[in-house]
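Undergrad: protein.pdb (PDB, C-alpha atoms) pasted underneath:
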```pdb
MODEL        1
ATOM      1  CA  MET N   1       0.000   0.000   0.000
ATOM      2  CA  LYS N   2       1.212   3.488  -0.827
ATOM      3  CA  ASN N   3       2.009   5.847   2.011
ATOM      4  CA  ALA N   4      -0.005   9.051   2.519
ATOM      5  CA  MET N   5       2.548  11.324   0.832
ATOM      6  CA  THR N   6       2.667   9.113  -2.279
ATOM      7  CA  GLN N   7      -1.128   9.076  -2.411
ATOM      8  CA  TYR N   8      -1.172  12.863  -2.033
ATOM      9  CA  VAL N   9       1.285  13.369  -4.914
ATOM     10  CA  ALA N  10      -0.672  10.975  -7.135
ATOM     11  CA  VAL N  11      -3.978  12.753  -6.481
ATOM     12  CA  VAL N  12      -2.568  16.278  -6.837
ATOM     13  CA  SER N  13      -0.668  15.458 -10.025
ATOM     14  CA  LYS N  14      -3.915  14.213 -11.571
ATOM     15  CA  ALA N  15      -5.819  17.271 -10.319
ATOM     16  CA  ILE N  16      -3.365  19.628 -12.047
ATOM     17  CA  GLU N  17      -3.152  17.377 -15.122
ATOM     18  CA  LEU N  18       0.522  16.611 -14.636
ATOM     19  CA  GLU N  19       1.350  13.189 -16.008
ATOM     20  CA  LEU N  20       3.878  11.465 -13.754
ATOM     21  CA  SER N  21       5.095   7.884 -13.839
ATOM     22  CA  ASP N  22       4.926   5.801 -10.677
ATOM     23  CA  GLU N  23       8.679   6.295 -10.243
ATOM     24  CA  GLN N  24       8.327  10.077 -10.535
ATOM     25  CA  ILE N  25       5.471  10.081  -8.036
ATOM     26  CA  GLU N  26       7.634   8.146  -5.569
ATOM     27  CA  ARG N  27      10.550  10.582  -5.991
ATOM     28  CA  VAL N  28       8.364  13.661  -5.579
ATOM     29  CA  ALA N  29       6.755  12.106  -2.489
ATOM     30  CA  MET N  30      10.194  11.329  -1.025
ATOM     31  CA  HIS N  31      11.351  14.945  -1.507
ATOM     32  CA  LEU N  32       8.128  16.373  -0.079
ATOM     33  CA  ASP N  33       8.422  14.108   2.936
ATOM     34  CA  ARG N  34      12.010  15.235   3.523
ATOM     35  CA  THR N  35      10.885  18.854   3.228
ATOM     36  CA  ARG N  36       8.107  18.158   5.729
ATOM     37  CA  LEU N  37      10.624  16.709   8.194
ATOM     38  CA  LEU N  38      13.010  19.653   7.762
ATOM     39  CA  SER N  39      10.242  22.199   8.187
ATOM     40  CA  LYS N  40       8.917  20.397  11.262
ATOM     41  CA  ASP N  41      12.356  20.674  12.887
ATOM     42  CA  LEU N  42      12.729  24.334  11.876
ATOM     43  CA  MET N  43       9.273  25.258  13.126
ATOM     44  CA  SER N  44      10.043  23.698  16.511
ATOM     45  CA  LEU N  45      12.925  26.139  17.110
ATOM     46  CA  LYS N  46      12.210  28.851  19.646
ATOM     47  CA  LEU N  47      13.309  31.879  17.670
ATOM     48  CA  PRO N  48      12.417  35.559  17.975
ATOM     49  CA  ALA N  49       9.594  36.702  15.690
ATOM     50  CA  GLU N  50      11.903  39.013  13.725
ATOM     51  CA  LEU N  51      13.941  36.084  12.378
ATOM     52  CA  GLU N  52      12.724  34.618   9.112
ATOM     53  CA  LEU N  53      13.203  30.844   8.966
ATOM     54  CA  VAL N  54      13.659  30.888   5.198
ATOM     55  CA  GLU N  55      16.719  33.100   5.634
ATOM     56  CA  ILE N  56      18.188  30.773   8.270
ATOM     57  CA  TYR N  57      17.875  27.522   6.323
ATOM     58  CA  ALA N  58      20.524  27.017   3.653
ATOM     59  CA  PRO N  59      20.397  23.741   1.713
ATOM     60  CA  SER N  60      23.534  21.736   1.166
ATOM     61  CA  ASP N  61      25.488  22.315  -2.048
ATOM     62  CA  TYR N  62      25.740  18.579  -2.570
ATOM     63  CA  PRO N  63      23.132  15.820  -2.365
ATOM     64  CA  ILE N  64      23.026  13.927   0.894
ATOM     65  CA  ASP N  65      21.038  10.907   1.953
ATOM     66  CA  LEU N  66      18.809  12.060   4.799
ATOM     67  CA  PRO N  67      17.392   9.475   7.158
ATOM     68  CA  THR N  68      13.631   9.139   7.279
ATOM     69  CA  ARG N  69      11.907   9.005  10.610
TER      70      ARG N  69
ENDMDL
END
```
Please express what this file holds, its structure, as structure tokens.

TA:
Amino acid sequence: MKNAMTQYVAVVSKAIELELSDEQIERVAMHLDRTRLLSKDLMSLKLPAELELVEIYAPSDYPIDLPTR
């Protein structure tokens, strides 16, 4: 059975008429899930309101294999 993120990507891609193969759907879902995990960690930081999280986060210049939780 597909996980929730994969199901989400499949449904949304159809809704916006974007034809994706099963492999592409899996890759998009994997990246969205990683983004979700990163944003969850960033949002849990106790930072002053004047700091913008987007300005704090800087992605790596090289691809890394992040663990999934």

Undergrad: Where does the PyMOL selection byres ((chain N and resi 1-12) around 8) land in this file, that is, which residues does it pick, as a list in words?

TA: Ser13, Lys14, Ala15, Ile16, Ile25, Glu26, Val28, Ala29, Met30, Leu32 and Asp33 of chain N

Undergrad: Restricted to C-alpha atoms, what would the selected residues look like written as a PDB file, keeping the file's coordinate frame?

TA:
```
ATOM      1  CA  SER N  13      -0.668  15.458 -10.025  1.00  0.00           C
ATOM      2  CA  LYS N  14      -3.915  14.213 -11.571  1.00  0.00           C
ATOM      3  CA  ALA N  15      -5.819  17.271 -10.319  1.00  0.00           C
ATOM      4  CA  ILE N  16      -3.365  19.628 -12.047  1.00  0.00           C
ATOM      5  CA  ILE N  25       5.471  10.081  -8.036  1.00  0.00           C
ATOM      6  CA  GLU N  26       7.634   8.146  -5.569  1.00  0.00           C
ATOM      7  CA  VAL N  28       8.364  13.661  -5.579  1.00  0.00           C
ATOM      8  CA  ALA N  29       6.755  12.106  -2.489  1.00  0.00           C
ATOM      9  CA  MET N  30      10.194  11.329  -1.025  1.00  0.00           C
ATOM     10  CA  LEU N  32       8.128  16.373  -0.079  1.00  0.00           C
ATOM     11  CA  ASP N  33       8.422  14.108   2.936  1.00  0.00           C
TER      12      ASP N  33
END
```

Undergrad: Kindly give the distance, in Å, that separates CA of Ser39 in chain N and CA of Glu23 in chain N, rounded to a single decimal.

TA: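 Those two atoms sit 24.4 Å apart.
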
Undergrad: Starting from 8 Å padding per side, set up an axis-aligned box that covers all listed atoms of range 25-36 of chain N and hand over centre and edge lengths in Å, one decimal, as lines of an AutoDock Vina configuration file.

TA:
```
center_x = 8.7
center_y = 13.5
center_z = -1.2
size_x = 22.5
size_y = 26.7
size_z = 29.8
```
